[in-house]
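Peer 1: Structure file run.txt (compact mmCIF, C-alpha atoms and all ligand atoms) is given on the next line.
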# COMPACT_ATOMS: atom_id res chain seq x y z
CA MET O 179 -7.32 23.44 10.80
CA GLU O 180 -7.76 22.77 7.09
CA HIS O 181 -6.76 19.12 7.48
CA ALA O 182 -9.59 18.76 10.04
CA LEU O 183 -11.97 20.35 7.53
CA PHE O 184 -10.84 18.03 4.71
CA ILE O 185 -11.23 14.95 6.93
CA LYS O 186 -14.69 16.15 7.97
CA LEU O 187 -15.79 16.68 4.35
CA GLY O 188 -14.47 13.27 3.33
CA LEU O 189 -15.96 11.16 6.14
CA PRO O 190 -18.94 8.97 5.26
CA ALA O 191 -22.31 10.41 6.34
CA ASP O 192 -23.00 7.44 8.65
CA GLU O 193 -20.15 8.41 11.00
CA PRO O 194 -21.63 11.42 12.85
CA GLU O 195 -19.33 10.99 15.86
CA LEU O 196 -16.14 11.12 13.81
CA ILE O 197 -17.55 14.08 11.87
CA ALA O 198 -18.22 15.88 15.16
CA GLU O 199 -14.70 15.03 16.37
CA ALA O 200 -13.21 16.52 13.19
CA GLN O 201 -15.33 19.63 13.70
CA VAL O 202 -13.97 20.03 17.25
CA PHE O 203 -10.41 19.87 15.86
CA GLU O 204 -11.25 22.47 13.25
CA GLU O 205 -12.51 24.85 15.94
CA ARG O 206 -9.57 24.10 18.24
CA PHE O 207 -7.02 24.97 15.53
CA HIS O 208 -9.06 28.00 14.50
CA ARG O 209 -8.77 29.35 18.05
CA LEU O 210 -5.02 28.60 18.14
CA LEU O 211 -4.53 30.37 14.81
CA ASN O 212 -6.34 33.47 16.10
CA GLU O 213 -4.24 33.37 19.24
CA LEU O 214 -1.00 33.08 17.22
CA ASN O 215 -2.02 36.02 15.06
CA ARG O 216 -2.59 38.08 18.20
CA VAL O 217 0.68 37.46 20.03
CA LYS O 218 4.09 38.86 19.11
CA LYS O 219 6.06 36.01 20.60
CA LEU O 220 5.27 32.33 21.09
CA ASN O 221 4.99 32.02 24.88
CA PRO O 222 5.56 28.63 26.58
CA GLU O 223 1.89 28.19 27.47
CA LEU O 224 0.75 28.72 23.89
CA LEU O 225 3.51 26.42 22.64
CA ASP O 226 2.23 23.72 25.02
CA ASP O 227 -1.35 24.17 23.77
CA LEU O 228 -0.17 24.01 20.19
CA THR O 229 1.98 20.93 20.77
CA ALA O 230 -0.89 19.14 22.55
CA ALA O 231 -3.32 19.98 19.73
CA VAL O 232 -0.91 18.70 17.07
CA GLU O 233 -0.27 15.49 19.04
CA ASP O 234 -4.03 14.96 19.36
CA ILE O 235 -4.75 15.48 15.68
CA ILE O 236 -1.92 13.09 14.74
CA ALA O 237 -3.65 10.46 16.88
CA PHE O 238 -7.03 11.29 15.29
CA LYS O 239 -5.65 10.97 11.76
CA ALA O 240 -3.97 7.68 12.67
CA LYS O 241 -7.22 6.41 14.24
CA ILE O 242 -9.28 7.10 11.12
CA LEU O 243 -6.64 5.57 8.87
CA ARG O 244 -6.47 2.49 11.13
CA LEU O 245 -10.27 2.11 11.06
CA GLN O 246 -10.17 2.26 7.26
CA LEU O 247 -7.30 -0.21 6.97
CA GLN O 248 -9.19 -2.63 9.20
CA CYS O 249 -12.41 -2.04 7.18
CA LYS O 250 -14.18 -0.85 10.35
CA ILE O 251 -15.50 2.27 8.62
CA LEU O 252 -16.38 3.06 5.02
CA PRO O 253 -13.66 5.13 3.36
CA GLY O 254 -15.96 8.01 2.33
CA SER O 255 -13.78 10.15 0.09
CA ASN O 256 -10.70 10.25 2.32
CA TYR O 257 -8.05 8.26 0.48
CA PRO O 258 -5.94 6.21 2.92
CA LEU O 259 -2.83 7.78 1.40
CA LEU O 260 -4.31 11.25 1.99
CA LEU O 261 -4.80 10.44 5.68
CA ASP O 262 -1.25 9.17 5.89
CA HIS O 263 -0.02 12.25 4.02
CA ILE O 264 -1.63 14.72 6.43
CA ARG O 265 -0.50 12.60 9.37
CA ARG O 266 3.11 12.91 8.15
CA GLU O 267 2.70 16.65 7.67
CA ALA O 268 1.50 16.97 11.25
CA GLU O 269 4.41 14.79 12.49
CA ARG O 270 6.84 17.12 10.76
CA PHE O 271 5.16 20.18 12.28
CA LEU O 272 5.39 18.55 15.70
CA GLY O 273 9.09 17.86 15.12
CA LEU O 274 9.67 21.52 14.27
CA LEU O 275 7.79 22.60 17.41
CA THR O 276 9.56 20.25 19.79
CA SER O 277 13.12 19.85 18.49
CA PRO O 278 15.21 22.63 16.96
CA VAL O 279 17.26 21.35 14.02
CA PRO O 280 20.94 22.28 14.27
CA GLU O 281 21.88 19.89 11.44
CA GLU O 282 24.53 20.64 8.85
CA PRO O 283 22.88 22.74 6.08
CA ILE O 284 23.38 20.15 3.33
CA VAL O 285 21.95 17.34 5.49
CA LEU O 286 18.97 19.52 6.34
CA LEU O 287 18.52 20.49 2.68
CA LEU O 288 18.41 16.86 1.55
CA GLN O 289 16.04 16.02 4.41
CA GLN O 290 13.71 18.83 3.32
CA GLU O 291 13.87 17.74 -0.29
CA VAL O 292 13.08 14.10 0.47
CA PHE O 293 10.18 15.12 2.72
CA TRP O 294 8.65 17.76 0.42
CA LEU O 295 9.20 15.96 -2.89
CA ARG O 296 7.20 13.04 -1.55
CA ILE O 297 4.50 15.48 -0.46
CA MET O 298 4.51 17.23 -3.87
CA LYS O 299 4.32 13.89 -5.71
CA GLU O 300 1.34 12.83 -3.58
CA HIS O 301 -0.46 16.15 -4.18
CA ILE O 302 -0.26 15.43 -7.90
CA GLU O 303 -1.56 11.89 -7.35
CA PHE O 304 -4.50 13.21 -5.31
CA ILE O 305 -5.31 15.82 -7.97
CA ILE O 306 -5.25 13.14 -10.70
CA HIS O 307 -7.71 11.02 -8.72
CA LEU O 308 -10.02 13.90 -7.80
CA LEU O 309 -10.36 15.30 -11.32
CA ASP O 310 -13.27 14.12 -13.42
CA PRO O 311 -12.12 11.58 -16.06
CA SER O 312 -13.37 14.02 -18.70
CA GLU O 313 -10.74 16.60 -17.66
CA ARG O 314 -8.30 14.90 -20.01
CA GLU O 315 -6.01 17.82 -20.67
CA LEU O 316 -5.48 18.63 -16.99
CA ILE O 317 -5.00 14.96 -16.16
CA GLU O 318 -2.35 14.72 -18.86
CA GLN O 319 -0.51 17.75 -17.47
CA ALA O 320 -0.74 16.28 -13.97
CA GLU O 321 0.62 12.94 -15.24
CA ALA O 322 3.67 14.73 -16.64
CA PHE O 323 4.22 16.39 -13.23
CA ARG O 324 3.83 13.01 -11.52
CA LYS O 325 6.61 11.52 -13.63
CA THR O 326 8.91 14.47 -13.00
CA PHE O 327 8.35 14.50 -9.25
CA SER O 328 8.68 10.71 -8.89
CA ARG O 329 12.04 10.98 -10.59
CA LEU O 330 13.14 13.94 -8.47
CA LEU O 331 12.11 12.15 -5.27
CA GLU O 332 14.07 9.06 -6.24
CA THR O 333 17.17 11.14 -6.94
CA ALA O 334 16.79 13.10 -3.69
CA ARG O 335 16.73 9.78 -1.79
CA ASP O 336 19.85 8.62 -3.65
CA LEU O 337 21.71 11.85 -2.88
CA GLN O 338 20.62 11.70 0.77
CA SER O 339 21.97 8.17 0.99
CA MET O 340 25.30 9.13 -0.64
CA GLN O 341 25.64 12.14 1.66
CA ARG O 342 25.79 9.71 4.62
CA THR O 343 29.39 8.92 3.58
CA LYS O 344 30.11 12.56 4.51
CA PRO O 345 31.97 13.76 1.37
CA ARG O 346 34.02 16.93 1.89
CA ASN O 347 32.27 18.43 -1.10
CA PHE O 348 29.06 17.23 -2.74
CA SER O 349 28.67 19.51 -5.74
CA ASP O 350 25.78 17.59 -7.35
CA VAL O 351 23.36 18.76 -4.68
CA LEU O 352 23.23 22.41 -5.79
CA PRO O 353 22.34 21.89 -9.47
CA PHE O 354 19.85 19.22 -8.39
CA THR O 355 18.27 21.70 -5.99
CA MET O 356 18.05 24.39 -8.68
CA ASN O 357 16.24 21.84 -10.83
CA VAL O 358 13.88 21.02 -7.96
CA ILE O 359 13.11 24.72 -7.52
CA ARG O 360 12.37 25.18 -11.23
CA HIS O 361 9.94 22.25 -11.33
CA THR O 362 8.32 23.20 -8.01
CA VAL O 363 7.61 26.71 -9.29
CA GLU O 364 5.87 25.15 -12.32
CA LEU O 365 3.86 22.83 -10.08
CA ARG O 366 2.95 25.72 -7.80
CA ASN O 367 1.59 27.63 -10.80
CA PHE O 368 -0.37 24.58 -11.96
CA LYS O 369 -1.99 24.29 -8.51
CA ALA O 370 -2.78 28.02 -8.45
CA ALA O 371 -4.41 27.73 -11.91
CA ALA O 372 -6.45 24.70 -10.81
CA HIS O 373 -7.57 26.59 -7.71
CA GLU O 374 -8.68 29.53 -9.85
CA LEU O 375 -10.65 27.21 -12.15
CA ALA O 376 -12.34 25.59 -9.15
CA GLU O 377 -13.25 29.00 -7.72
CA LEU O 378 -14.77 29.97 -11.08
CA CYS O 379 -16.74 26.68 -11.11
CA GLU O 380 -14.83 25.67 -14.24
CA LEU O 381 -13.31 22.47 -12.94
CA LEU O 382 -15.04 19.08 -13.09
CA GLY O 383 -14.16 16.63 -10.38
CA ILE O 384 -14.83 15.64 -6.79
CA VAL O 385 -12.49 18.10 -5.04
CA ALA O 386 -14.45 18.65 -1.80
CA SER O 387 -13.54 22.33 -1.57
CA PRO O 388 -11.48 24.71 -3.77
CA LEU O 389 -9.58 25.38 -0.53
CA LEU O 390 -7.83 22.02 -0.98
CA LEU O 391 -6.16 23.29 -4.16
CA ASP O 392 -5.13 26.50 -2.43
CA HIS O 393 -3.82 24.43 0.50
CA VAL O 394 -1.52 22.36 -1.74
CA ARG O 395 -0.38 25.53 -3.55
CA ARG O 396 0.59 27.08 -0.19
CA GLU O 397 2.56 23.93 0.65
CA ALA O 398 4.51 24.27 -2.61
CA ASP O 399 5.28 27.86 -1.61
CA LYS O 400 6.34 26.67 1.85
CA PHE O 401 8.73 24.16 0.25
CA LEU O 402 10.21 26.88 -1.99
CA ASN O 403 10.50 29.18 0.97
CA GLU O 404 12.37 26.59 3.06
CA LEU O 405 14.79 25.94 0.19
CA ASP O 406 15.31 29.66 -0.23
CA ASN O 407 16.16 30.08 3.45
CA LEU O 408 18.66 27.25 3.40
CA LEU O 409 20.40 27.80 0.06
CA PRO O 410 22.76 30.63 1.15
CA ALA O 411 24.14 28.44 3.97
CA VAL O 412 24.57 25.46 1.63
CA LYS O 413 26.30 27.61 -0.99
CA SER O 414 28.74 29.11 1.52
CA CYS O 415 29.61 25.64 2.90
CA ASP O 416 30.23 24.47 -0.63
CA THR O 417 32.84 27.14 -1.45
CA SER O 418 34.58 26.90 1.93
CA ARG O 419 35.26 23.23 1.23
CA GLU O 420 36.87 23.68 -2.14
FE FE O 501 -1.49 19.77 4.27
FE FE O 502 -0.02 18.22 1.66
Would you mind writing the file out in structure tokens?

Peer 2:
Amino acid sequence: MEHALFIKLGLPADEPELIAEAQVFEERFHRLLNELNRVKKLNPELLDDLTAAVEDIIAFKAKILRLQLQCKILPGSNYPLLLDHIRREAERFLGLLTSPVPEEPIVLLLQQEVFWLRIMKEHIEFIIHLLDPSERELIEQAEAFRKTFSRLLETARDLQSMQRTKPRNFSDVLPFTMNVIRHTVELRNFKAAAHELAELCELLGIVASPLLLDHVRREADKFLNELDNLLPAVKSCDTSRE
């Protein structure tokens, strides 16, 4: 729902049809969200509606990105990488809806880290580009985060690649993950602080809505939450292999 809102706010004013299409998606997801809040259990019919809506918005995001790449529409303020970012997020959501993941905990952990670290790194890049150039202190802080998260992402990809040789014990993954958690908590707090500044009208930049900063903060919390859920299983596998 929020992705549809962000796309709508970023579309150029001379594209009323695409703006209307984004609005329809926003309303469609709003209704689904209300419905999900009402029910106790996800029934098959609702799951079908949800899956169809996610498939449709993936196609919509891809269509707008394609139009931009082919220079068929003006970019407005939707960065191509932002469109690709929210398309990937929707793809992941669709994957979670349609295929349960019975992977080995350590494989799943590394998958989550590679996915989310890329997302976290891109959030920082978007924030850097949406802040006013005069916000030098915040930009400097964000630059430091960008370096840290680029490095973490690169390492996560290396570890994921090494894990494919199926070692009996891969003890580097746990300390790496603890490091990821520490930095993600810091990034989460940075996003929360930026959101607060935007709400107080104390942030210069072209962030379309303060909600965007809250959105990326919630995604950092989601990442931390997924790691938290998986860590006990990874830890117990680790000791059983020693
Ligand atoms: Fe998102
Ligand atoms: Fe995101």

Peer 1: As a list in words, please: the residues near O:Glu303 (cut-off 10 Å, only C-alpha atoms, same-chain neighbours under 5 positions excluded).

Peer 2: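 The neighbour list is Leu259, Leu260, Ile297, Met298, Leu308, Ile317, Ala320, Glu321, Phe323 and Arg324 of chain O.
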
Peer 1: For ligand FE 501 (chain O), return the neighbouring residues as number ranges by chain (distance at most 7 Å; all atoms listed in the file).

Peer 2: O: 181, 264, 267, 393-394, 397

Peer 1: Centre and edge lengths, as AutoDock Vina command-line options, for the axis-aligned box enclosing every listed atom of stretch 192-196 of chain O with 4 Å of padding on each of the six sides, in Å to one decimal?

Peer 2:
--center_x -19.6 --center_y 9.4 --center_z 12.3 --size_x 14.9 --size_y 12.0 --size_z 15.2

Peer 1: Tell me, in Å to one decimal, how far atom CA of O:Leu330 is from atom CA of O:Val363.

Peer 2: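 Atom CA of O:Leu330 sits 13.9 Å away from atom CA of O:Val363.
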
Peer 1: At a cut-off of 12 Å, using all atoms listed in the file, what residues contact stretch 218-222 of chain O? Leave out same-chain residues fewer than 6 positions from it and give the result as a VMD selection string.

Peer 2: chain O and resid 210 to 211 228 to 229 275 to 276

Peer 1: Which residue out of O:His301, O:Lys186, O:Lys250, O:Arg342 has the minimum interatomic distance to ligand FE 502 (chain O) when all atoms listed in the file are used?

Peer 2: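 Distance minimum relative to ligand FE 502 (chain O) lands on O:His301.
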
Peer 1: If you count all atoms listed in the file, which residues fall within 12 Å of O:Leu365, apart from same-chain ones fewer than 2 positions away, as a CSV table (one decimal) with C-alpha atoms, in the frame of the given file?

Peer 2:
chain,number,residue,atom,x,y,z
O,295,LEU,CA,9.2,16.0,-2.9
O,298,MET,CA,4.5,17.2,-3.9
O,299,LYS,CA,4.3,13.9,-5.7
O,301,HIS,CA,-0.5,16.2,-4.2
O,302,ILE,CA,-0.3,15.4,-7.9
O,305,ILE,CA,-5.3,15.8,-8.0
O,319,GLN,CA,-0.5,17.8,-17.5
O,320,ALA,CA,-0.7,16.3,-14.0
O,321,GLU,CA,0.6,12.9,-15.2
O,322,ALA,CA,3.7,14.7,-16.6
O,323,PHE,CA,4.2,16.4,-13.2
O,324,ARG,CA,3.8,13.0,-11.5
O,326,THR,CA,8.9,14.5,-13.0
O,327,PHE,CA,8.4,14.5,-9.2
O,358,VAL,CA,13.9,21.0,-8.0
O,359,ILE,CA,13.1,24.7,-7.5
O,360,ARG,CA,12.4,25.2,-11.2
O,361,HIS,CA,9.9,22.2,-11.3
O,362,THR,CA,8.3,23.2,-8.0
O,363,VAL,CA,7.6,26.7,-9.3
O,367,ASN,CA,1.6,27.6,-10.8
O,368,PHE,CA,-0.4,24.6,-12.0
O,369,LYS,CA,-2.0,24.3,-8.5
O,370,ALA,CA,-2.8,28.0,-8.4
O,371,ALA,CA,-4.4,27.7,-11.9
O,372,ALA,CA,-6.4,24.7,-10.8
O,391,LEU,CA,-6.2,23.3,-4.2
O,394,VAL,CA,-1.5,22.4,-1.7
O,395,ARG,CA,-0.4,25.5,-3.6
O,396,ARG,CA,0.6,27.1,-0.2
O,397,GLU,CA,2.6,23.9,0.6
O,398,ALA,CA,4.5,24.3,-2.6
O,399,ASP,CA,5.3,27.9,-1.6
O,401,PHE,CA,8.7,24.2,0.2
O,402,LEU,CA,10.2,26.9,-2.0

Peer 1: Between atom CA of O:Gly383 and atom CA of O:Asn256, what is the distance in Å, rounded to a tenth?

Peer 2: 14.6 Å

Peer 1: Taking all atoms listed in the file into account, which of O:Ile384, O:Leu189, O:Val217, O:Ala268 comes nearest ligand FE 502 (chain O)?

Peer 2: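 Nearest candidate to ligand FE 502 (chain O) out of O:Ile384, O:Leu189, O:Val217, O:Ala268: O:Ala268.
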
Peer 1: Just how far from atom CA of O:Leu405 is atom CA of O:Ser277, in Å to one decimal?

Peer 2: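 Separation of atom CA of O:Ser277 and atom CA of O:Leu405: 19.4 Å.
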
Peer 1: I need every residue sitting at most 12 Å from the point (-10.8, 7.7, 18.4) (coordinates as in the file, only C-alpha atoms considered), written as a PyMOL selection string.

Peer 2: chain O and resi 193+195-200+234-245

Peer 1: Between O:Glu180, O:Gly188, O:Asn407, O:Glu233, which has the minimum distance to O:His208 (counting all atoms listed in the file)?

Peer 2: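 Comparing O:Glu180, O:Gly188, O:Asn407, O:Glu233 against O:His208, the winner is O:Glu180.
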
Peer 1: Go through O:Asp406, O:Asp336, O:Glu300, O:Glu377 one by one, measure the shortest atom-to-atom distance of each to ligand FE 502 (chain O) using all atoms listed in the file, and give the residue with the smallest value.

Peer 2: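 Checking each candidate against ligand FE 502 (chain O), we get O:Glu300 as the closest.
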
Peer 1: Quick one: of O:Glu380, O:Asp262, O:Glu313, O:Asp227, who's nearest to ligand FE 502 (chain O), counting all atoms listed in the file?

Peer 2: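 Going through O:Glu380, O:Asp262, O:Glu313, O:Asp227 one by one, the smallest distance to ligand FE 502 (chain O) is for O:Asp262.
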